>>> print(open('my_file_19.cif').read())   # mmCIF, N, CA and C atoms
data_model
loop_
_atom_site.label_atom_id
_atom_site.label_comp_id
_atom_site.auth_asym_id
_atom_site.auth_seq_id
_atom_site.Cartn_x
_atom_site.Cartn_y
_atom_site.Cartn_z
N MET A 14 -90.60 -3.97 132.74
CA MET A 14 -91.18 -4.14 131.43
C MET A 14 -91.75 -2.83 130.92
N ARG A 15 -92.23 -2.01 131.80
CA ARG A 15 -92.84 -0.75 131.42
C ARG A 15 -91.81 0.20 130.81
N LYS A 16 -90.60 0.26 131.35
CA LYS A 16 -89.55 1.13 130.81
C LYS A 16 -89.15 0.69 129.41
N SER A 17 -89.08 -0.60 129.18
CA SER A 17 -88.69 -1.09 127.85
C SER A 17 -89.78 -0.80 126.82
N THR A 18 -91.04 -0.87 127.22
CA THR A 18 -92.14 -0.55 126.31
C THR A 18 -92.11 0.93 125.96
N LEU A 19 -91.90 1.77 126.95
CA LEU A 19 -91.81 3.21 126.73
C LEU A 19 -90.62 3.54 125.82
N PHE A 20 -89.50 2.89 126.05
CA PHE A 20 -88.32 3.08 125.20
C PHE A 20 -88.62 2.67 123.76
N PHE A 21 -89.30 1.53 123.58
CA PHE A 21 -89.65 1.06 122.24
C PHE A 21 -90.52 2.07 121.50
N TYR A 22 -91.54 2.61 122.17
CA TYR A 22 -92.42 3.60 121.55
C TYR A 22 -91.66 4.89 121.22
N ALA A 23 -90.79 5.31 122.10
CA ALA A 23 -90.00 6.52 121.84
C ALA A 23 -89.07 6.30 120.64
N LEU A 24 -88.47 5.13 120.56
CA LEU A 24 -87.60 4.80 119.44
C LEU A 24 -88.39 4.74 118.13
N ALA A 25 -89.55 4.11 118.15
CA ALA A 25 -90.40 4.02 116.96
C ALA A 25 -90.85 5.40 116.51
N LEU A 26 -91.24 6.26 117.42
CA LEU A 26 -91.66 7.61 117.10
C LEU A 26 -90.51 8.41 116.49
N THR A 27 -89.35 8.28 117.05
CA THR A 27 -88.17 8.97 116.52
C THR A 27 -87.85 8.52 115.10
N LEU A 28 -87.92 7.22 114.85
CA LEU A 28 -87.67 6.70 113.50
C LEU A 28 -88.72 7.17 112.50
N ILE A 29 -89.97 7.18 112.90
CA ILE A 29 -91.04 7.62 112.00
C ILE A 29 -90.87 9.10 111.66
N ILE A 30 -90.61 9.93 112.65
CA ILE A 30 -90.41 11.36 112.40
C ILE A 30 -89.16 11.56 111.55
N GLY A 31 -88.12 10.83 111.84
CA GLY A 31 -86.87 10.96 111.09
C GLY A 31 -87.01 10.55 109.64
N LEU A 32 -87.81 9.55 109.36
CA LEU A 32 -87.98 9.09 107.98
C LEU A 32 -88.95 9.95 107.19
N THR A 33 -89.88 10.61 107.87
CA THR A 33 -90.86 11.42 107.15
C THR A 33 -90.45 12.87 107.00
N SER A 34 -89.54 13.35 107.80
CA SER A 34 -89.13 14.75 107.67
C SER A 34 -87.95 14.85 106.72
N GLU A 35 -87.87 15.98 106.07
CA GLU A 35 -86.79 16.21 105.12
C GLU A 35 -85.68 16.98 105.82
N LEU A 36 -84.51 16.40 105.88
CA LEU A 36 -83.38 17.03 106.52
C LEU A 36 -82.41 17.53 105.46
N LYS A 37 -81.99 18.78 105.60
CA LYS A 37 -81.03 19.36 104.68
C LYS A 37 -79.94 20.05 105.48
N ALA A 38 -78.71 19.91 105.02
CA ALA A 38 -77.62 20.59 105.70
C ALA A 38 -77.69 22.09 105.45
N GLN A 39 -78.17 22.47 104.28
CA GLN A 39 -78.29 23.88 103.93
C GLN A 39 -79.74 24.16 103.60
N ASN A 40 -80.43 24.89 104.44
CA ASN A 40 -81.84 25.16 104.18
C ASN A 40 -82.11 26.61 103.83
N GLY A 41 -81.08 27.38 103.57
CA GLY A 41 -81.23 28.78 103.20
C GLY A 41 -80.42 29.10 101.96
N PRO A 42 -80.26 30.37 101.67
CA PRO A 42 -79.51 30.77 100.48
C PRO A 42 -78.05 30.33 100.55
N VAL A 43 -77.51 29.94 99.40
CA VAL A 43 -76.11 29.53 99.29
C VAL A 43 -75.39 30.57 98.44
N LEU A 44 -74.27 31.06 98.93
CA LEU A 44 -73.45 32.03 98.21
C LEU A 44 -72.18 31.32 97.75
N TYR A 45 -71.85 31.45 96.46
CA TYR A 45 -70.65 30.84 95.92
C TYR A 45 -70.12 31.70 94.78
N PHE A 46 -69.02 31.29 94.17
CA PHE A 46 -68.31 32.16 93.23
C PHE A 46 -68.02 31.44 91.92
N CYS A 47 -67.89 32.25 90.86
CA CYS A 47 -67.45 31.72 89.57
C CYS A 47 -66.68 32.82 88.84
N GLU A 48 -65.97 32.42 87.79
CA GLU A 48 -65.20 33.39 87.01
C GLU A 48 -66.12 34.36 86.29
N ARG A 49 -67.20 33.81 85.70
CA ARG A 49 -68.17 34.66 85.01
C ARG A 49 -69.45 33.86 84.81
N TYR A 50 -70.50 34.61 84.49
CA TYR A 50 -71.78 33.99 84.17
C TYR A 50 -72.11 34.37 82.74
N GLY A 51 -72.31 33.36 81.89
CA GLY A 51 -72.56 33.61 80.48
C GLY A 51 -73.79 32.89 79.99
N ALA A 52 -73.92 32.82 78.66
CA ALA A 52 -75.08 32.19 78.03
C ALA A 52 -75.23 30.72 78.44
N SER A 53 -74.11 30.06 78.68
CA SER A 53 -74.15 28.65 79.08
C SER A 53 -74.22 28.47 80.59
N GLY A 54 -74.33 29.56 81.33
CA GLY A 54 -74.41 29.48 82.79
C GLY A 54 -73.11 29.85 83.47
N GLU A 55 -72.86 29.21 84.60
CA GLU A 55 -71.69 29.50 85.41
C GLU A 55 -70.43 28.92 84.78
N VAL A 56 -69.36 29.70 84.76
CA VAL A 56 -68.08 29.26 84.20
C VAL A 56 -67.03 29.37 85.30
N GLY A 57 -66.35 28.29 85.58
CA GLY A 57 -65.24 28.30 86.54
C GLY A 57 -65.66 28.48 87.98
N ILE A 58 -66.55 27.64 88.49
CA ILE A 58 -66.96 27.71 89.90
C ILE A 58 -65.79 27.31 90.78
N GLY A 59 -65.60 28.02 91.88
CA GLY A 59 -64.53 27.68 92.81
C GLY A 59 -64.55 28.59 94.02
N ASP A 60 -63.53 28.42 94.85
CA ASP A 60 -63.37 29.30 96.01
C ASP A 60 -61.95 29.86 96.07
N ARG A 61 -61.20 29.69 94.96
CA ARG A 61 -59.84 30.22 94.87
C ARG A 61 -59.65 30.79 93.47
N PHE A 62 -59.35 32.08 93.40
CA PHE A 62 -59.26 32.78 92.13
C PHE A 62 -58.03 33.67 92.10
N TYR A 63 -57.60 34.02 90.90
CA TYR A 63 -56.56 35.03 90.75
C TYR A 63 -57.17 36.39 91.04
N THR A 64 -56.36 37.32 91.52
CA THR A 64 -56.86 38.65 91.81
C THR A 64 -57.50 39.23 90.55
N GLY A 65 -58.50 40.04 90.74
CA GLY A 65 -59.24 40.63 89.64
C GLY A 65 -60.74 40.50 89.88
N PRO A 66 -61.52 40.53 88.81
CA PRO A 66 -62.97 40.47 88.98
C PRO A 66 -63.44 39.07 89.37
N VAL A 67 -64.58 39.03 90.03
CA VAL A 67 -65.21 37.76 90.42
C VAL A 67 -66.72 37.93 90.31
N THR A 68 -67.40 36.85 90.01
CA THR A 68 -68.86 36.86 89.97
C THR A 68 -69.37 36.11 91.19
N VAL A 69 -70.27 36.74 91.90
CA VAL A 69 -70.86 36.15 93.10
C VAL A 69 -72.23 35.60 92.74
N MET A 70 -72.46 34.34 93.09
CA MET A 70 -73.72 33.65 92.80
C MET A 70 -74.47 33.40 94.11
N VAL A 71 -75.79 33.54 94.06
CA VAL A 71 -76.63 33.19 95.21
C VAL A 71 -77.78 32.35 94.68
N LYS A 72 -77.98 31.21 95.32
CA LYS A 72 -79.04 30.28 94.92
C LYS A 72 -79.84 29.90 96.15
N CYS A 73 -81.16 29.81 95.97
CA CYS A 73 -82.03 29.50 97.10
C CYS A 73 -83.25 28.73 96.60
N ASP A 74 -83.88 27.96 97.47
CA ASP A 74 -85.08 27.21 97.11
C ASP A 74 -86.33 28.08 97.07
N TYR A 75 -86.24 29.29 97.60
CA TYR A 75 -87.40 30.17 97.66
C TYR A 75 -86.98 31.58 97.23
N ALA A 76 -87.95 32.41 96.92
CA ALA A 76 -87.68 33.80 96.53
C ALA A 76 -87.04 34.53 97.70
N LEU A 77 -85.98 35.28 97.42
CA LEU A 77 -85.22 35.95 98.48
C LEU A 77 -85.92 37.20 99.03
N GLY A 78 -86.81 37.80 98.26
CA GLY A 78 -87.55 38.96 98.74
C GLY A 78 -86.72 40.23 98.84
N LEU A 79 -85.65 40.32 98.08
CA LEU A 79 -84.76 41.48 98.13
C LEU A 79 -85.07 42.46 97.00
N ARG A 80 -84.88 43.75 97.27
CA ARG A 80 -84.92 44.79 96.24
C ARG A 80 -83.55 45.45 96.14
N ASP A 81 -83.16 46.09 97.20
CA ASP A 81 -81.84 46.70 97.27
C ASP A 81 -80.98 45.83 98.18
N CYS A 82 -79.81 45.47 97.70
CA CYS A 82 -78.92 44.62 98.48
C CYS A 82 -77.49 45.01 98.15
N SER A 83 -76.55 44.37 98.80
CA SER A 83 -75.14 44.67 98.55
C SER A 83 -74.30 43.42 98.78
N ILE A 84 -73.17 43.41 98.11
CA ILE A 84 -72.15 42.39 98.33
C ILE A 84 -71.02 43.09 99.07
N GLN A 85 -70.66 42.58 100.23
CA GLN A 85 -69.58 43.16 101.02
C GLN A 85 -68.45 42.15 101.14
N LEU A 86 -67.23 42.64 100.96
CA LEU A 86 -66.03 41.81 101.11
C LEU A 86 -65.21 42.34 102.28
N ASP A 87 -64.78 41.43 103.15
CA ASP A 87 -63.89 41.75 104.28
C ASP A 87 -62.64 40.91 104.13
N ARG A 88 -61.46 41.53 104.32
CA ARG A 88 -60.18 40.84 104.13
C ARG A 88 -59.62 40.37 105.47
N TYR A 89 -59.12 39.13 105.51
CA TYR A 89 -58.52 38.56 106.72
C TYR A 89 -57.13 39.15 106.91
N ASN A 90 -56.85 39.68 108.10
CA ASN A 90 -55.56 40.31 108.36
C ASN A 90 -54.62 39.46 109.22
N GLY A 91 -54.95 38.22 109.44
CA GLY A 91 -54.14 37.34 110.28
C GLY A 91 -54.75 37.11 111.65
N TYR A 92 -55.61 38.02 112.09
CA TYR A 92 -56.25 37.91 113.40
C TYR A 92 -57.77 38.03 113.31
N SER A 93 -58.22 38.90 112.42
CA SER A 93 -59.66 39.13 112.24
C SER A 93 -59.88 39.65 110.81
N PHE A 94 -61.08 40.07 110.54
CA PHE A 94 -61.40 40.56 109.20
C PHE A 94 -61.57 42.08 109.22
N ASP A 95 -61.00 42.73 108.20
CA ASP A 95 -61.14 44.17 108.01
C ASP A 95 -62.04 44.43 106.81
N TYR A 96 -62.85 45.46 106.93
CA TYR A 96 -63.71 45.86 105.82
C TYR A 96 -62.86 46.15 104.58
N TYR A 97 -63.26 45.62 103.43
CA TYR A 97 -62.54 45.84 102.18
C TYR A 97 -63.36 46.70 101.22
N LYS A 98 -64.56 46.26 100.86
CA LYS A 98 -65.43 47.06 100.00
C LYS A 98 -66.84 46.52 100.01
N LYS A 99 -67.73 47.38 99.53
CA LYS A 99 -69.15 47.04 99.46
C LYS A 99 -69.67 47.56 98.12
N VAL A 100 -70.40 46.72 97.39
CA VAL A 100 -70.97 47.10 96.09
C VAL A 100 -72.48 46.90 96.17
N ASN A 101 -73.23 47.94 95.81
CA ASN A 101 -74.69 47.91 95.89
C ASN A 101 -75.30 47.39 94.59
N PHE A 102 -76.43 46.68 94.74
CA PHE A 102 -77.16 46.12 93.61
C PHE A 102 -78.66 46.29 93.83
N SER A 103 -79.41 46.29 92.73
CA SER A 103 -80.87 46.25 92.78
C SER A 103 -81.33 44.98 92.09
N VAL A 104 -82.23 44.25 92.74
CA VAL A 104 -82.77 43.00 92.21
C VAL A 104 -84.28 43.03 92.41
N THR A 105 -84.96 42.00 91.94
CA THR A 105 -86.41 41.92 92.15
C THR A 105 -86.72 40.89 93.23
N PRO A 106 -87.76 41.12 94.02
CA PRO A 106 -88.06 40.26 95.17
C PRO A 106 -88.32 38.80 94.82
N ASP A 107 -88.75 38.50 93.59
CA ASP A 107 -89.09 37.13 93.24
C ASP A 107 -87.88 36.28 92.87
N MET A 108 -86.69 36.86 92.85
CA MET A 108 -85.50 36.14 92.42
C MET A 108 -85.04 35.15 93.48
N ASN A 109 -84.67 33.94 93.02
CA ASN A 109 -84.10 32.93 93.92
C ASN A 109 -82.75 32.43 93.39
N TYR A 110 -82.33 32.95 92.24
CA TYR A 110 -81.05 32.60 91.63
C TYR A 110 -80.50 33.89 91.02
N ILE A 111 -79.43 34.41 91.61
CA ILE A 111 -78.93 35.72 91.22
C ILE A 111 -77.42 35.65 90.99
N TYR A 112 -76.95 36.32 89.96
CA TYR A 112 -75.52 36.49 89.81
C TYR A 112 -75.20 37.97 89.92
N PHE A 113 -74.17 38.26 90.68
CA PHE A 113 -73.72 39.63 90.89
C PHE A 113 -72.39 39.80 90.19
N SER A 114 -72.39 40.65 89.17
CA SER A 114 -71.18 40.91 88.40
C SER A 114 -71.12 42.41 88.14
N ASP A 115 -70.02 43.03 88.45
CA ASP A 115 -69.88 44.46 88.30
C ASP A 115 -68.39 44.77 88.23
N PRO A 116 -67.97 45.78 87.46
CA PRO A 116 -66.54 46.13 87.42
C PRO A 116 -65.97 46.46 88.81
N GLU A 117 -66.81 46.96 89.71
CA GLU A 117 -66.36 47.27 91.07
C GLU A 117 -66.18 46.02 91.93
N LEU A 118 -66.78 44.93 91.50
CA LEU A 118 -66.71 43.68 92.27
C LEU A 118 -65.45 42.93 91.88
N ARG A 119 -64.34 43.46 92.33
CA ARG A 119 -63.03 42.88 92.03
C ARG A 119 -62.14 43.01 93.26
N VAL A 120 -61.15 42.15 93.33
CA VAL A 120 -60.19 42.16 94.43
C VAL A 120 -58.80 42.24 93.82
N ASP A 121 -58.02 43.22 94.25
CA ASP A 121 -56.69 43.42 93.69
C ASP A 121 -55.56 43.02 94.63
N SER A 122 -55.89 42.64 95.85
CA SER A 122 -54.87 42.21 96.82
C SER A 122 -55.11 40.75 97.17
N PRO A 123 -54.07 39.90 97.07
CA PRO A 123 -54.27 38.49 97.44
C PRO A 123 -54.59 38.35 98.93
N GLY A 124 -55.30 37.29 99.25
CA GLY A 124 -55.64 37.02 100.64
C GLY A 124 -56.93 36.24 100.74
N ILE A 125 -57.36 36.04 101.97
CA ILE A 125 -58.62 35.35 102.26
C ILE A 125 -59.66 36.41 102.59
N TYR A 126 -60.82 36.26 101.97
CA TYR A 126 -61.90 37.22 102.14
C TYR A 126 -63.17 36.49 102.54
N ARG A 127 -63.98 37.16 103.33
CA ARG A 127 -65.33 36.65 103.54
C ARG A 127 -66.25 37.58 102.77
N CYS A 128 -67.26 36.98 102.18
CA CYS A 128 -68.18 37.70 101.31
C CYS A 128 -69.58 37.55 101.87
N PHE A 129 -70.31 38.66 101.92
CA PHE A 129 -71.67 38.68 102.44
C PHE A 129 -72.64 39.19 101.39
N LEU A 130 -73.81 38.61 101.34
CA LEU A 130 -74.95 39.23 100.67
C LEU A 130 -75.76 39.87 101.78
N LEU A 131 -75.91 41.19 101.72
CA LEU A 131 -76.62 41.93 102.76
C LEU A 131 -77.91 42.51 102.21
N ASP A 132 -78.96 42.51 103.01
CA ASP A 132 -80.20 43.14 102.59
C ASP A 132 -80.08 44.66 102.78
N SER A 133 -81.14 45.40 102.51
CA SER A 133 -81.09 46.87 102.56
C SER A 133 -80.83 47.41 103.97
N ARG A 134 -81.08 46.60 104.98
CA ARG A 134 -80.83 47.02 106.37
C ARG A 134 -79.46 46.58 106.87
N GLY A 135 -78.71 45.89 106.03
CA GLY A 135 -77.38 45.42 106.43
C GLY A 135 -77.38 44.06 107.10
N ASN A 136 -78.52 43.35 107.06
CA ASN A 136 -78.60 42.02 107.64
C ASN A 136 -77.99 40.99 106.69
N ASN A 137 -77.31 40.02 107.24
CA ASN A 137 -76.68 38.98 106.45
C ASN A 137 -77.74 38.03 105.89
N VAL A 138 -77.74 37.83 104.57
CA VAL A 138 -78.63 36.89 103.92
C VAL A 138 -77.88 35.58 103.64
N ALA A 139 -76.64 35.71 103.19
CA ALA A 139 -75.79 34.55 102.91
C ALA A 139 -74.34 35.00 102.96
N SER A 140 -73.42 34.05 103.19
CA SER A 140 -72.01 34.40 103.25
C SER A 140 -71.16 33.20 102.87
N SER A 141 -69.90 33.49 102.54
CA SER A 141 -68.96 32.44 102.18
C SER A 141 -67.55 33.01 102.24
N LEU A 142 -66.57 32.12 102.17
CA LEU A 142 -65.16 32.51 102.14
C LEU A 142 -64.60 32.29 100.74
N ILE A 143 -63.64 33.13 100.37
CA ILE A 143 -62.99 33.03 99.07
C ILE A 143 -61.52 33.43 99.24
N GLU A 144 -60.66 32.80 98.47
CA GLU A 144 -59.23 33.15 98.51
C GLU A 144 -58.81 33.69 97.15
N PHE A 145 -58.03 34.78 97.18
CA PHE A 145 -57.47 35.35 95.97
C PHE A 145 -55.95 35.19 96.00
N ILE A 146 -55.39 34.75 94.89
CA ILE A 146 -53.93 34.57 94.76
C ILE A 146 -53.45 35.35 93.56
N ARG A 147 -52.14 35.53 93.45
CA ARG A 147 -51.55 36.19 92.26
C ARG A 147 -51.09 35.18 91.28
#
>>> encode(input="my_file_19.cif", output="structure tokens")
Amino acid sequence: MRKSTLFFYALALTLIIGLTSELKAQNGPVLYFCERYGASGEVGIGDRFYTGPVTVMVKCDYALGLRDCSIQLDRYNGYSFDYYKKVNFSVTPDMNYIYFSDPELRVDSPGIYRCFLLDSRGNNVASSLIEFIR
């Protein structure tokens, strides 16, 4: 009887903690892509684009605390990823929703790329995959 009582209390405690805590699949910054960012917001969100310019979006529930950062793209070569390019940006530390758009932020070769938002020390803040087609 003692084991069943202990099991009941453990189960009840687990349920109480599970119901009172907030669980999120993504609890940090999210990096995603769109065709452009305009007066009406994001236009053409996706993960597959024609070669050319792309706008990188980062959204977070809290201020990212970044000043100098960069967007880095690495191209998949069939076995691993090769460095493709890196574009530097300046932002303010209080930002939690940022769009990165620059003439240099373009891809001219089709393929699968991984994209990173890096802080000034080169640490990964957020990342995602994107495919470019012709």
>>> residues_around(input="my_file_19.cif", residues="Ser140 of chain A", least_positions_apart="2", cutoff="5 Å", atoms="all atoms listed in the file", output="list of chain:residue names")
A:Cys128, A:Phe129, A:Leu130, A:Val138, A:Leu142
>>> residues_around(input="my_file_19.cif", residues="segment 55-66 of chain A", least_positions_apart="6", cutoff="5 Å", atoms="all atoms listed in the file", output="PyMOL selection string")
chain A and resi 46-49+118-121+143-147
>>> residues_around(input="my_file_19.cif", residues="Asp87 of chain A", least_positions_apart="3", cutoff="6 Å", atoms="all atoms listed in the file", output="compact mmCIF listing (two decimals) with N, CA and C atoms, keeping the file's coordinate frame")
# COMPACT_ATOMS: atom_id res chain seq x y z
N PHE A 94 -61.08 40.07 110.54
CA PHE A 94 -61.40 40.56 109.20
C PHE A 94 -61.57 42.08 109.22
N ASP A 95 -61.00 42.73 108.20
CA ASP A 95 -61.14 44.17 108.01
C ASP A 95 -62.04 44.43 106.81
N TYR A 96 -62.85 45.46 106.93
CA TYR A 96 -63.71 45.86 105.82
C TYR A 96 -62.86 46.15 104.58
N TYR A 97 -63.26 45.62 103.43
CA TYR A 97 -62.54 45.84 102.18
C TYR A 97 -63.36 46.70 101.22
N LYS A 98 -64.56 46.26 100.86
CA LYS A 98 -65.43 47.06 100.00
C LYS A 98 -66.84 46.52 100.01
N ILE A 125 -57.36 36.04 101.97
CA ILE A 125 -58.62 35.35 102.26
C ILE A 125 -59.66 36.41 102.59
N TYR A 126 -60.82 36.26 101.97
CA TYR A 126 -61.90 37.22 102.14
C TYR A 126 -63.17 36.49 102.54
N ARG A 127 -63.98 37.16 103.33
CA ARG A 127 -65.33 36.65 103.54
C ARG A 127 -66.25 37.58 102.77
N CYS A 128 -67.26 36.98 102.18
CA CYS A 128 -68.18 37.70 101.31
C CYS A 128 -69.58 37.55 101.87
>>> resolve_selection(input="my_file_19.cif", expression="the PyMOL selection byres ((chain A and resi 81) around 7)", output="number ranges by chain")
A: 79-80, 82-83, 101-105, 131-134
>>> closest_residue(input="my_file_19.cif", among="A:Ala76, A:Met70, A:Gly124, A:Gln85", to="Ile111 of chain A", atoms="only N, CA and C atoms")
A:Met70
>>> atom_distance(input="my_file_19.cif", atom1="atom CA of Ser53 of chain A", atom2="atom CA of Asn109 of chain A")
18.4 Å
>>> select_by_dssp(input="my_file_19.cif", residues="chain A", states="alpha helix (DSSP H)", output="list of chain:residue names")
A:Arg15, A:Lys16, A:Ser17, A:Thr18, A:Leu19, A:Phe20, A:Phe21, A:Tyr22, A:Ala23, A:Leu24, A:Ala25, A:Leu26, A:Thr27, A:Leu28, A:Ile29, A:Ile30, A:Gly31, A:Leu32, A:Thr33
>>> atom_distance(input="my_file_19.cif", atom1="atom C of Pro116 of chain A", atom2="atom CA of Val43 of chain A")
22.3 Å
>>> select_by_dssp(input="my_file_19.cif", residues="segment 102-137 of chain A", states="strand (DSSP E or B)", output="PyMOL selection string")
chain A and resi 102-103+110-113+119-120+124-131+137
